[in-house]
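Here is the file model39.pdb (PDB, C-alpha atoms).
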ATOM      1  CA  MET A 267      91.034  93.605 104.138
ATOM      2  CA  HIS A 268      91.297  94.357 100.427
ATOM      3  CA  ASN A 269      92.937  91.959  98.004
ATOM      4  CA  VAL A 270      96.022  93.295  96.251
ATOM      5  CA  TYR A 271      95.239  91.360  93.060
ATOM      6  CA  ILE A 272      91.744  92.860  92.797
ATOM      7  CA  TYR A 273      93.353  96.294  93.119
ATOM      8  CA  ILE A 274      95.717  95.443  90.279
ATOM      9  CA  LEU A 275      92.923  94.125  88.044
ATOM     10  CA  CYS A 276      90.856  97.268  88.704
ATOM     11  CA  MET A 277      93.700  99.562  87.726
ATOM     12  CA  ALA A 278      94.595  97.459  84.685
ATOM     13  CA  ALA A 279      90.991  97.530  83.430
ATOM     14  CA  VAL A 280      90.655 101.301  83.883
ATOM     15  CA  THR A 281      94.029 102.037  82.309
ATOM     16  CA  TYR A 282      93.269  99.802  79.307
ATOM     17  CA  LEU A 283      89.848 101.364  78.693
ATOM     18  CA  ILE A 284      91.358 104.855  78.752
ATOM     19  CA  ARG A 285      93.935 103.817  76.175
ATOM     20  CA  VAL A 286      91.726 101.789  73.874
ATOM     21  CA  LEU A 287      88.530 103.840  73.613
ATOM     22  CA  PRO A 288      89.862 106.722  71.497
ATOM     23  CA  LEU A 289      91.721 104.286  69.221
ATOM     24  CA  THR A 290      88.609 102.241  68.481
ATOM     25  CA  LEU A 291      86.042 105.055  68.471
ATOM     26  CA  ILE A 292      87.906 107.681  66.424
ATOM     27  CA  ARG A 293      88.233 106.153  62.964
ATOM     28  CA  LYS A 294      88.128 109.169  60.714
ATOM     29  CA  PRO A 295      90.631 111.985  60.347
ATOM     30  CA  ILE A 296      89.740 114.889  62.623
ATOM     31  CA  LYS A 297      89.010 117.904  60.415
ATOM     32  CA  SER A 298      89.185 120.705  62.963
ATOM     33  CA  ARG A 299      92.573 122.389  62.795
ATOM     34  CA  ILE A 300      92.405 123.501  66.408
ATOM     35  CA  LEU A 301      91.566 119.999  67.628
ATOM     36  CA  ARG A 302      94.389 118.532  65.541
ATOM     37  CA  SER A 303      96.800 121.084  66.983
ATOM     38  CA  PHE A 304      95.544 120.347  70.479
ATOM     39  CA  LEU A 305      96.211 116.616  70.061
ATOM     40  CA  TYR A 306      99.648 117.304  68.608
ATOM     41  CA  TYR A 307     100.635 119.524  71.555
ATOM     42  CA  VAL A 308      99.211 117.360  74.363
ATOM     43  CA  PRO A 309     102.023 114.806  74.825
ATOM     44  CA  TYR A 310     104.752 117.442  74.964
ATOM     45  CA  VAL A 311     102.866 119.589  77.454
ATOM     46  CA  THR A 312     102.057 116.623  79.699
ATOM     47  CA  LEU A 313     105.643 115.431  79.810
ATOM     48  CA  ALA A 314     107.000 118.946  80.386
ATOM     49  CA  VAL A 315     104.510 119.548  83.197
ATOM     50  CA  MET A 316     105.368 116.219  84.823
ATOM     51  CA  THR A 317     109.110 116.885  84.600
ATOM     52  CA  PHE A 318     109.414 120.332  86.144
ATOM     53  CA  PRO A 319     109.539 121.084  89.032
ATOM     54  CA  ALA A 320     109.019 117.428  90.049
ATOM     55  CA  ILE A 321     112.604 116.511  89.131
ATOM     56  CA  ILE A 322     113.898 119.024  91.696
ATOM     57  CA  GLU A 323     111.538 117.764  94.389
ATOM     58  CA  SER A 324     112.508 114.137  93.823
ATOM     59  CA  THR A 325     116.087 114.338  95.082
ATOM     60  CA  GLU A 326     117.367 114.614  98.636
ATOM     61  CA  PHE A 327     119.067 117.943  97.866
ATOM     62  CA  ALA A 328     117.378 120.331  95.412
ATOM     63  CA  LEU A 329     120.760 121.201  93.846
ATOM     64  CA  ALA A 330     121.175 117.611  92.631
ATOM     65  CA  GLY A 331     117.781 117.784  90.907
ATOM     66  CA  VAL A 332     118.592 121.166  89.327
ATOM     67  CA  LEU A 333     121.880 119.837  87.937
ATOM     68  CA  ALA A 334     120.273 116.612  86.666
ATOM     69  CA  PHE A 335     117.599 118.714  84.948
ATOM     70  CA  ALA A 336     120.215 120.925  83.289
ATOM     71  CA  VAL A 337     122.380 117.985  82.201
ATOM     72  CA  ALA A 338     119.409 116.100  80.714
ATOM     73  CA  MET A 339     118.107 119.185  78.859
ATOM     74  CA  VAL A 340     121.520 119.917  77.311
ATOM     75  CA  LEU A 341     122.225 116.296  76.322
ATOM     76  CA  ALA A 342     118.754 115.872  74.811
ATOM     77  CA  TYR A 343     119.227 119.128  72.894
ATOM     78  CA  PHE A 344     122.399 117.744  71.346
ATOM     79  CA  GLY A 345     120.507 114.665  70.211
ATOM     80  CA  LYS A 346     121.789 112.078  72.707
ATOM     81  CA  SER A 347     119.722 108.886  73.006
ATOM     82  CA  LEU A 348     116.933 108.370  75.527
ATOM     83  CA  LEU A 349     119.017 105.876  77.485
ATOM     84  CA  PHE A 350     122.108 108.105  77.577
ATOM     85  CA  VAL A 351     120.074 111.088  78.782
ATOM     86  CA  ALA A 352     118.300 109.066  81.497
ATOM     87  CA  VAL A 353     121.481 107.441  82.803
ATOM     88  CA  SER A 354     123.373 110.770  82.785
ATOM     89  CA  ALA A 355     120.622 112.335  84.910
ATOM     90  CA  CYS A 356     120.893 109.446  87.405
ATOM     91  CA  VAL A 357     124.696 109.674  87.570
ATOM     92  CA  THR A 358     124.510 113.472  88.067
ATOM     93  CA  VAL A 359     122.232 113.044  91.079
ATOM     94  CA  PHE A 360     124.329 110.261  92.557
ATOM     95  CA  VAL A 361     127.613 112.163  92.263
ATOM     96  CA  THR A 362     126.187 115.526  93.392
ATOM     97  CA  GLU A 363     124.585 114.076  96.501
ATOM     98  CA  LEU A 364     127.761 112.170  97.291
ATOM     99  CA  ILE A 365     129.788 115.413  97.129
ATOM    100  CA  ILE A 366     127.234 117.384  99.184
ATOM    101  CA  LYS A 367     127.200 114.731 101.906
ATOM    102  CA  PHE A 368     130.972 114.687 101.920
ATOM    103  CA  ILE A 369     131.130 118.473 102.424
ATOM    104  CA  ILE A 370     128.431 118.890 105.098
TER     105      ILE A 370
ATOM    106  CA  MET B 158     107.799  97.180  54.292
ATOM    107  CA  LYS B 159     106.316  93.883  55.447
ATOM    108  CA  ASN B 160     104.631  93.534  58.848
ATOM    109  CA  SER B 161     107.504  91.433  60.196
ATOM    110  CA  GLN B 162     110.015  94.068  59.122
ATOM    111  CA  TRP B 163     108.004  96.754  60.896
ATOM    112  CA  PHE B 164     107.907  94.557  64.002
ATOM    113  CA  VAL B 165     111.696  94.153  64.002
ATOM    114  CA  LYS B 166     112.190  97.888  63.401
ATOM    115  CA  GLY B 167     109.895  98.544  66.364
ATOM    116  CA  MET B 168     111.836  96.123  68.545
ATOM    117  CA  LYS B 169     115.058  97.987  67.771
ATOM    118  CA  ALA B 170     113.446 101.286  68.769
ATOM    119  CA  GLY B 171     112.315  99.534  71.959
ATOM    120  CA  VAL B 172     115.809  98.591  73.177
ATOM    121  CA  PRO B 173     116.860 102.000  74.582
ATOM    122  CA  ILE B 174     113.359 102.443  76.004
ATOM    123  CA  ALA B 175     113.550  99.025  77.697
ATOM    124  CA  LEU B 176     116.900  99.861  79.298
ATOM    125  CA  GLY B 177     115.574 103.200  80.526
ATOM    126  CA  TYR B 178     112.396 101.531  81.754
ATOM    127  CA  PHE B 179     114.413  98.897  83.589
ATOM    128  CA  ALA B 180     116.354 101.549  85.526
ATOM    129  CA  VAL B 181     113.258 103.588  86.319
ATOM    130  CA  ALA B 182     111.119 100.582  87.249
ATOM    131  CA  ILE B 183     113.616  99.611  89.953
ATOM    132  CA  ALA B 184     112.477 102.677  91.904
ATOM    133  CA  LEU B 185     108.869 101.619  91.284
ATOM    134  CA  GLY B 186     109.515  98.082  92.551
ATOM    135  CA  ILE B 187     111.064  99.492  95.698
ATOM    136  CA  SER B 188     108.025 101.687  96.335
ATOM    137  CA  ALA B 189     105.764  98.638  95.860
ATOM    138  CA  VAL B 190     107.567  96.631  98.512
ATOM    139  CA  SER B 191     107.520  99.510 100.975
ATOM    140  CA  ALA B 192     103.740  99.681 100.359
ATOM    141  CA  GLY B 193     103.499  96.042 101.438
ATOM    142  CA  ILE B 194     102.920  94.590  97.968
ATOM    143  CA  PRO B 195     104.556  91.220  97.154
ATOM    144  CA  ALA B 196     107.256  91.334  94.460
ATOM    145  CA  ILE B 197     105.291  89.083  92.092
ATOM    146  CA  ALA B 198     102.166  91.281  92.408
ATOM    147  CA  ALA B 199     104.264  94.375  91.677
ATOM    148  CA  ALA B 200     105.649  92.731  88.528
ATOM    149  CA  LEU B 201     102.113  91.748  87.470
ATOM    150  CA  ALA B 202     100.952  95.346  87.982
ATOM    151  CA  SER B 203     103.754  96.562  85.709
ATOM    152  CA  LEU B 204     103.029  93.921  83.055
ATOM    153  CA  LEU B 205      99.325  94.815  82.952
ATOM    154  CA  ASN B 206      99.583  98.589  83.356
ATOM    155  CA  ASN B 207     102.829  99.965  81.929
ATOM    156  CA  ALA B 208     102.093 103.250  83.644
ATOM    157  CA  SER B 209     104.676 104.944  85.829
ATOM    158  CA  ALA B 210     102.617 107.674  87.484
ATOM    159  CA  GLY B 211      99.486 105.501  87.597
ATOM    160  CA  GLU B 212     101.342 102.672  89.321
ATOM    161  CA  TYR B 213     103.068 104.908  91.865
ATOM    162  CA  ILE B 214      99.718 106.386  92.863
ATOM    163  CA  ALA B 215      98.081 102.952  92.977
ATOM    164  CA  PHE B 216     100.779 101.576  95.276
ATOM    165  CA  THR B 217     100.292 104.507  97.636
ATOM    166  CA  LEU B 218      96.526 103.900  97.680
ATOM    167  CA  ILE B 219      96.954 100.145  98.190
ATOM    168  CA  ALA B 220      99.256 100.830 101.139
ATOM    169  CA  ALA B 221      96.534 103.042 102.618
ATOM    170  CA  GLN B 222      93.914 100.286 102.012
ATOM    171  CA  ALA B 223      91.829 102.729  99.972
ATOM    172  CA  SER B 224      88.515 101.559  98.499
ATOM    173  CA  TYR B 225      88.444 100.018  94.997
ATOM    174  CA  SER B 226      86.303 102.888  93.717
ATOM    175  CA  GLU B 227      88.833 105.401  95.024
ATOM    176  CA  LEU B 228      91.575 103.565  93.163
ATOM    177  CA  VAL B 229      89.516 103.534  89.952
ATOM    178  CA  ALA B 230      88.811 107.271  90.225
ATOM    179  CA  MET B 231      92.459 108.086  90.846
ATOM    180  CA  GLU B 232      93.612 105.911  87.937
ATOM    181  CA  ILE B 233      91.249 107.756  85.592
ATOM    182  CA  VAL B 234      92.845 111.027  86.658
ATOM    183  CA  ALA B 235      96.445 109.803  86.641
ATOM    184  CA  ASN B 236      96.140 108.119  83.241
ATOM    185  CA  SER B 237      93.855 110.524  81.411
ATOM    186  CA  ARG B 238      96.785 111.822  79.396
ATOM    187  CA  TYR B 239      96.736 108.428  77.650
ATOM    188  CA  LEU B 240      93.214 109.253  76.483
ATOM    189  CA  LEU B 241      94.645 112.272  74.700
ATOM    190  CA  MET B 242      97.689 110.404  73.377
ATOM    191  CA  SER B 243      95.472 107.585  72.148
ATOM    192  CA  ALA B 244      93.245 110.114  70.370
ATOM    193  CA  ALA B 245      96.362 111.569  68.739
ATOM    194  CA  LEU B 246      97.509 108.058  67.784
ATOM    195  CA  SER B 247      94.116 107.342  66.174
ATOM    196  CA  GLN B 248      94.976 110.073  63.666
ATOM    197  CA  LYS B 249      98.294 108.435  62.837
ATOM    198  CA  LEU B 250      96.630 105.164  61.766
ATOM    199  CA  GLU B 251      95.355 104.328  58.328
ATOM    200  CA  PRO B 252      91.539 104.760  58.687
ATOM    201  CA  SER B 253      90.991 101.163  57.466
ATOM    202  CA  THR B 254      93.046  99.663  60.347
ATOM    203  CA  SER B 255      91.026  96.748  61.806
ATOM    204  CA  THR B 256      89.379  96.750  65.224
ATOM    205  CA  LEU B 257      91.536  93.866  66.458
ATOM    206  CA  LYS B 258      94.705  95.777  65.602
ATOM    207  CA  ARG B 259      93.309  98.823  67.405
ATOM    208  CA  LEU B 260      92.385  96.753  70.468
ATOM    209  CA  LEU B 261      95.949  95.415  70.658
ATOM    210  CA  LEU B 262      97.425  98.851  70.045
ATOM    211  CA  GLY B 263      95.414 100.198  72.965
ATOM    212  CA  PHE B 264      97.546  98.131  75.292
ATOM    213  CA  THR B 265     100.770  99.787  74.145
ATOM    214  CA  VAL B 266     100.153 103.491  74.760
ATOM    215  CA  THR B 267     102.843 104.824  77.101
ATOM    216  CA  ASP B 268     104.644 108.167  76.967
ATOM    217  CA  GLU B 269     107.813 106.876  75.301
ATOM    218  CA  ILE B 270     106.249 104.239  73.007
ATOM    219  CA  PHE B 271     103.760 106.871  71.882
ATOM    220  CA  GLY B 272     106.703 109.222  71.341
ATOM    221  CA  VAL B 273     108.642 106.921  69.011
ATOM    222  CA  SER B 274     105.447 105.845  67.197
ATOM    223  CA  MET B 275     104.508 109.441  66.413
ATOM    224  CA  MET B 276     108.032 110.084  65.103
ATOM    225  CA  GLN B 277     107.517 107.583  62.231
ATOM    226  CA  GLU B 278     106.955 109.035  58.769
ATOM    227  CA  GLY B 279     103.413 108.878  57.341
ATOM    228  CA  TYR B 280     100.826 106.371  58.600
ATOM    229  CA  LEU B 281     101.907 104.224  61.522
ATOM    230  CA  SER B 282     102.165 100.455  61.055
ATOM    231  CA  PRO B 283     100.733  98.977  64.291
ATOM    232  CA  TYR B 284     103.381  96.238  64.013
ATOM    233  CA  PHE B 285     106.095  98.817  64.653
ATOM    234  CA  THR B 286     104.437  99.771  67.936
ATOM    235  CA  TYR B 287     103.824  96.109  68.877
ATOM    236  CA  GLY B 288     107.545  95.446  68.423
ATOM    237  CA  THR B 289     108.522  98.421  70.583
ATOM    238  CA  PHE B 290     105.986  97.428  73.209
ATOM    239  CA  VAL B 291     107.139  93.794  73.536
ATOM    240  CA  VAL B 292     110.731  94.876  74.222
ATOM    241  CA  ALA B 293     109.905  97.908  76.367
ATOM    242  CA  THR B 294     107.389  96.154  78.610
ATOM    243  CA  THR B 295     109.866  93.350  79.267
ATOM    244  CA  GLY B 296     112.304  95.950  80.599
ATOM    245  CA  TRP B 297     109.575  97.625  82.636
ATOM    246  CA  THR B 298     108.324  94.398  84.230
ATOM    247  CA  ALA B 299     111.805  92.979  84.845
ATOM    248  CA  GLY B 300     112.926  96.275  86.397
ATOM    249  CA  THR B 301     109.942  96.305  88.742
ATOM    250  CA  LEU B 302     110.633  92.734  89.816
ATOM    251  CA  PHE B 303     114.332  93.453  90.271
ATOM    252  CA  GLY B 304     113.607  96.565  92.358
ATOM    253  CA  ALA B 305     111.043  94.744  94.470
ATOM    254  CA  ILE B 306     113.474  91.913  95.250
ATOM    255  CA  MET B 307     116.727  93.895  95.451
ATOM    256  CA  GLY B 308     115.368  97.183  96.810
ATOM    257  CA  SER B 309     116.234  96.466 100.393
ATOM    258  CA  VAL B 310     119.826  95.693  99.415
ATOM    259  CA  LEU B 311     120.458  98.835  97.345
ATOM    260  CA  PRO B 312     121.728 101.943  99.197
ATOM    261  CA  THR B 313     119.304 104.910  99.463
ATOM    262  CA  ALA B 314     121.614 107.114  97.391
ATOM    263  CA  VAL B 315     121.349 104.693  94.452
ATOM    264  CA  VAL B 316     117.559 104.484  94.759
ATOM    265  CA  THR B 317     117.201 108.313  94.747
ATOM    266  CA  ALA B 318     119.481 108.586  91.720
ATOM    267  CA  LEU B 319     117.514 105.932  89.787
ATOM    268  CA  GLY B 320     114.269 107.784  90.453
ATOM    269  CA  VAL B 321     115.475 110.718  88.343
ATOM    270  CA  GLY B 322     115.850 108.495  85.266
ATOM    271  CA  LEU B 323     112.147 108.808  84.584
ATOM    272  CA  TYR B 324     112.449 112.566  84.118
ATOM    273  CA  GLY B 325     115.498 112.094  81.903
ATOM    274  CA  MET B 326     113.329 109.927  79.644
ATOM    275  CA  PHE B 327     110.554 112.515  79.519
ATOM    276  CA  ILE B 328     113.082 115.223  78.651
ATOM    277  CA  SER B 329     114.505 113.176  75.791
ATOM    278  CA  VAL B 330     111.019 112.934  74.260
ATOM    279  CA  PHE B 331     110.043 116.623  74.259
ATOM    280  CA  VAL B 332     113.404 118.383  73.787
ATOM    281  CA  PRO B 333     114.157 117.026  70.263
ATOM    282  CA  GLU B 334     110.681 118.119  69.130
ATOM    283  CA  ALA B 335     111.156 121.543  70.741
ATOM    284  CA  LYS B 336     114.415 121.894  68.837
ATOM    285  CA  LYS B 337     112.619 121.257  65.522
ATOM    286  CA  ASN B 338     109.514 123.335  66.218
ATOM    287  CA  ARG B 339     109.634 126.750  67.860
ATOM    288  CA  VAL B 340     106.005 126.587  68.992
ATOM    289  CA  VAL B 341     106.740 123.372  70.907
ATOM    290  CA  ALA B 342     109.778 125.056  72.490
ATOM    291  CA  ILE B 343     107.605 127.911  73.745
ATOM    292  CA  LEU B 344     104.984 125.376  74.815
ATOM    293  CA  VAL B 345     107.556 123.541  76.943
ATOM    294  CA  LEU B 346     108.717 126.765  78.627
ATOM    295  CA  ILE B 347     105.124 127.786  79.405
ATOM    296  CA  SER B 348     104.534 124.287  80.796
ATOM    297  CA  PHE B 349     107.555 124.543  83.107
ATOM    298  CA  ALA B 350     106.522 127.976  84.363
ATOM    299  CA  LEU B 351     102.854 127.165  85.012
ATOM    300  CA  SER B 352     103.707 123.782  86.492
ATOM    301  CA  ALA B 353     106.018 125.489  89.000
ATOM    302  CA  LEU B 354     103.303 128.050  89.744
ATOM    303  CA  PHE B 355     100.755 125.275  90.389
ATOM    304  CA  GLU B 356     103.236 123.417  92.573
ATOM    305  CA  TYR B 357     103.917 126.306  94.936
ATOM    306  CA  ALA B 358     100.912 128.685  94.722
ATOM    307  CA  PRO B 359      98.633 128.646  97.771
ATOM    308  CA  TYR B 360      95.293 126.754  97.369
ATOM    309  CA  ILE B 361      96.250 125.331  93.938
ATOM    310  CA  ARG B 362      99.043 123.258  95.465
ATOM    311  CA  GLU B 363      96.425 121.474  97.593
ATOM    312  CA  LEU B 364      95.150 119.760  94.431
ATOM    313  CA  SER B 365      96.519 116.282  93.756
ATOM    314  CA  SER B 366      99.369 116.158  91.253
ATOM    315  CA  GLY B 367      97.241 114.078  88.845
ATOM    316  CA  ILE B 368      94.542 116.744  88.696
ATOM    317  CA  ARG B 369      97.108 119.516  88.314
ATOM    318  CA  ILE B 370      98.682 117.684  85.348
ATOM    319  CA  ILE B 371      95.323 117.356  83.586
ATOM    320  CA  ILE B 372      94.276 120.965  84.179
ATOM    321  CA  LEU B 373      97.619 122.260  82.919
ATOM    322  CA  THR B 374      97.704 119.931  79.907
ATOM    323  CA  VAL B 375      94.250 120.921  78.687
ATOM    324  CA  LEU B 376      94.735 124.615  79.484
ATOM    325  CA  ILE B 377      98.125 125.036  77.787
ATOM    326  CA  SER B 378      97.531 122.711  74.806
ATOM    327  CA  LEU B 379      94.145 124.226  74.025
ATOM    328  CA  GLY B 380      95.352 127.797  74.524
ATOM    329  CA  VAL B 381      98.307 127.379  72.192
ATOM    330  CA  ALA B 382      96.214 125.367  69.689
ATOM    331  CA  ILE B 383      93.820 128.312  69.411
ATOM    332  CA  ILE B 384      96.472 131.057  69.299
ATOM    333  CA  CYS B 385      99.025 129.169  67.206
ATOM    334  CA  PRO B 386      97.573 126.116  65.391
ATOM    335  CA  ILE B 387      99.918 123.810  63.458
ATOM    336  CA  LYS B 388     100.607 124.732  59.845
ATOM    337  CA  GLU B 389      98.847 122.744  57.135
ATOM    338  CA  GLU B 390     101.996 120.904  55.968
ATOM    339  CA  GLU B 391     102.466 119.537  59.464
ATOM    340  CA  ARG B 392      99.025 117.943  59.404
ATOM    341  CA  ASP B 393     100.332 114.517  58.544
ATOM    342  CA  ALA B 394     103.316 114.776  60.838
TER     343      ALA B 394
END

Would you write out, as structure tokens, the structure that this file holds?
Amino acid sequence: MHNVYIYILCMAAVTYLIRVLPLTLIRKPIKSRILRSFLYYVPYVTLAVMTFPAIIESTEFALAGVLAFAVAMVLAYFGKSLLFVAVSACVTVFVTELIIKFII
Amino acid sequence: MKNSQWFVKGMKAGVPIALGYFAVAIALGISAVSAGIPAIAAALASLLNNASAGEYIAFTLIAAQASYSELVAMEIVANSRYLLMSAALSQKLEPSTSTLKRLLLGFTVTDEIFGVSMMQEGYLSPYFTYGTFVVATTGWTAGTLFGAIMGSVLPTAVVTALGVGLYGMFISVFVPEAKKNRVVAILVLISFALSALFEYAPYIRELSSGIRIIILTVLISLGVAIICPIKEEERDA
């Protein structure tokens, strides 16, 4: 039987090392333009990859996920805050699934 | 600006993140309890890790009584994007920033905190990020605890809806940048398309989602960096 707290310490140690090593080891500006570009693009690509199509898979009905995705993209485009975008996506899913269940 | 002023500015930036984290972490707390993890252990995991995808995967592995080494391997895969973000953050710091400040900063790297830190003009004051982190992680930990305790009481429809909040947060980090920079906009569209391809294509879809995320991130970011590197004036951005 494994101990849940040892699991948690293992994951915390690994996660911390991953985060701290580049910060402590890379102390000089990176000269390579391609490498700089790569590092600039990484966060946006990761988040985009994690968002789609996972958002559609995460709901009970795919339509709810599609609508939440569309609502969040449009609101974020018009500069709404992180909280407003996140809550709107949640409300969209809740309402859509409520309506679908009511119909079928 | 003084360090304390940066800290307060960071805390203010952390408030919307904390509220979003709270909502999203409820879903995480619920998944912890259904994996047989006590509420207090789930909250501790959130306090020490601050990693949505990494924690979800860990809870699944803990439920399956996986070996410690398996958990470590999976966490490396699930969290490797932080390696890249942290490398990007290292370029945002004044080169003379002390080791202690860097060691503390290492604790704070999450998608959203990284996002707001990179949006600051010029060199980043670590105190800004510390301020954001203190507020945001409180929301994350409290949300996990709340979800773990209240999860059984909340209706399924509410839990499903809350789970989508995470994606809403991601979207609100990359869309504003895509609006400013056409290359990022194209990058996001390519990411969506290839991510969908990897999700549904035979053979590739057998890979774990963590591995797919890493392959796609490196492939797309490197490809676009070679074809369309950032302009010189954006170097300090």

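One finds CA of Leu262 (chain B) at 9.5 Å from CA of Leu246 (chain B).
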
Local residues around (111.5, 120.1, 73.1), at most 9 Å away, using only C-alpha atoms, as number ranges by chain: A: 310, 314, 339, 342-343; B: 328-339, 341-345

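Every protein or nucleic acid residue with an atom no more than 6 Å from Thr298 (chain B), counting only C-alpha atoms and leaving out same-chain residues fewer than 2 positions away, appears here: Ala200, Ser203, Leu204, Thr294, Thr295, Gly296, Gly300 and Thr301 of chain B.
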
I'd like a table as JSON lines: residues in chain A with an atom no more than 6 Å from chain B, each row giving the shortest atom pair and its distance in Å to one decimal, only C-alpha atoms counted, sorted by chain and rising residue number.
{"residue": "A:Ile274", "atom": "CA", "partner": "B:Ala202", "partner_atom": "CA", "distance": 5.7}
{"residue": "A:Ala278", "atom": "CA", "partner": "B:Asn206", "partner_atom": "CA", "distance": 5.3}
{"residue": "A:Ile284", "atom": "CA", "partner": "B:Leu240", "partner_atom": "CA", "distance": 5.3}
{"residue": "A:Arg285", "atom": "CA", "partner": "B:Gly263", "partner_atom": "CA", "distance": 5.1}
{"residue": "A:Val286", "atom": "CA", "partner": "B:Gly263", "partner_atom": "CA", "distance": 4.1}
{"residue": "A:Pro288", "atom": "CA", "partner": "B:Ala244", "partner_atom": "CA", "distance": 4.9}
{"residue": "A:Leu289", "atom": "CA", "partner": "B:Ser247", "partner_atom": "CA", "distance": 4.9}
{"residue": "A:Thr290", "atom": "CA", "partner": "B:Arg259", "partner_atom": "CA", "distance": 5.9}
{"residue": "A:Arg293", "atom": "CA", "partner": "B:Pro252", "partner_atom": "CA", "distance": 5.6}
{"residue": "A:Lys294", "atom": "CA", "partner": "B:Pro252", "partner_atom": "CA", "distance": 5.9}
{"residue": "A:Pro295", "atom": "CA", "partner": "B:Gln248", "partner_atom": "CA", "distance": 5.8}
{"residue": "A:Ile300", "atom": "CA", "partner": "B:Ala382", "partner_atom": "CA", "distance": 5.4}
{"residue": "A:Ser303", "atom": "CA", "partner": "B:Ala382", "partner_atom": "CA", "distance": 5.1}
{"residue": "A:Phe304", "atom": "CA", "partner": "B:Ala382", "partner_atom": "CA", "distance": 5.1}
{"residue": "A:Leu305", "atom": "CA", "partner": "B:Ala245", "partner_atom": "CA", "distance": 5.2}
{"residue": "A:Tyr307", "atom": "CA", "partner": "B:Ser378", "partner_atom": "CA", "distance": 5.5}
{"residue": "A:Val308", "atom": "CA", "partner": "B:Ser378", "partner_atom": "CA", "distance": 5.6}
{"residue": "A:Tyr310", "atom": "CA", "partner": "B:Phe331", "partner_atom": "CA", "distance": 5.4}
{"residue": "A:Val311", "atom": "CA", "partner": "B:Thr374", "partner_atom": "CA", "distance": 5.7}
{"residue": "A:Thr312", "atom": "CA", "partner": "B:Thr374", "partner_atom": "CA", "distance": 5.5}
{"residue": "A:Leu313", "atom": "CA", "partner": "B:Phe327", "partner_atom": "CA", "distance": 5.7}
{"residue": "A:Ala314", "atom": "CA", "partner": "B:Val345", "partner_atom": "CA", "distance": 5.8}
{"residue": "A:Val315", "atom": "CA", "partner": "B:Ser348", "partner_atom": "CA", "distance": 5.3}
{"residue": "A:Thr317", "atom": "CA", "partner": "B:Tyr324", "partner_atom": "CA", "distance": 5.5}
{"residue": "A:Phe318", "atom": "CA", "partner": "B:Phe349", "partner_atom": "CA", "distance": 5.5}
{"residue": "A:Pro319", "atom": "CA", "partner": "B:Ala353", "partner_atom": "CA", "distance": 5.6}
{"residue": "A:Ala338", "atom": "CA", "partner": "B:Gly325", "partner_atom": "CA", "distance": 5.7}
{"residue": "A:Ala342", "atom": "CA", "partner": "B:Ser329", "partner_atom": "CA", "distance": 5.1}
{"residue": "A:Tyr343", "atom": "CA", "partner": "B:Val332", "partner_atom": "CA", "distance": 5.9}
{"residue": "A:Leu348", "atom": "CA", "partner": "B:Ser329", "partner_atom": "CA", "distance": 5.4}
{"residue": "A:Leu349", "atom": "CA", "partner": "B:Pro173", "partner_atom": "CA", "distance": 5.3}
{"residue": "A:Val351", "atom": "CA", "partner": "B:Gly325", "partner_atom": "CA", "distance": 5.6}
{"residue": "A:Ala352", "atom": "CA", "partner": "B:Gly325", "partner_atom": "CA", "distance": 4.1}
{"residue": "A:Ala355", "atom": "CA", "partner": "B:Gly325", "partner_atom": "CA", "distance": 5.9}
{"residue": "A:Cys356", "atom": "CA", "partner": "B:Ala318", "partner_atom": "CA", "distance": 4.6}
{"residue": "A:Val359", "atom": "CA", "partner": "B:Ala318", "partner_atom": "CA", "distance": 5.3}
{"residue": "A:Phe360", "atom": "CA", "partner": "B:Ala318", "partner_atom": "CA", "distance": 5.2}

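When CA of Val165 (chain B) is paired with CA of Gly288 (chain B), their separation reads 6.2 Å.
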
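If you look at CA of Ile296 (chain A) and CA of Gly279 (chain B), they are 15.8 Å away from each other.
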
Answer as a PyMOL selection string, residues within 9 Å of (121.2, 114.5, 94.0) using all atoms listed in the file: (chain A and resi 322+324-334+356-364+366) or (chain B and resi 314+317-318+321)

Would you give the centre and edge lengths, in Å to one decimal, of a box along x, y and z around the listed atoms of region 366-381 of chain B, with 3 Å added to each side, as lines of an AutoDock Vina configuration file?
center_x = 96.8
center_y = 120.9
center_z = 81.7
size_x = 11.2
size_y = 19.7
size_z = 25.1

Selection result of the PyMOL selection byres ((chain B and resi 158) around 12) on this file, as number ranges by chain: B: 159-166, 281-282, 284-285
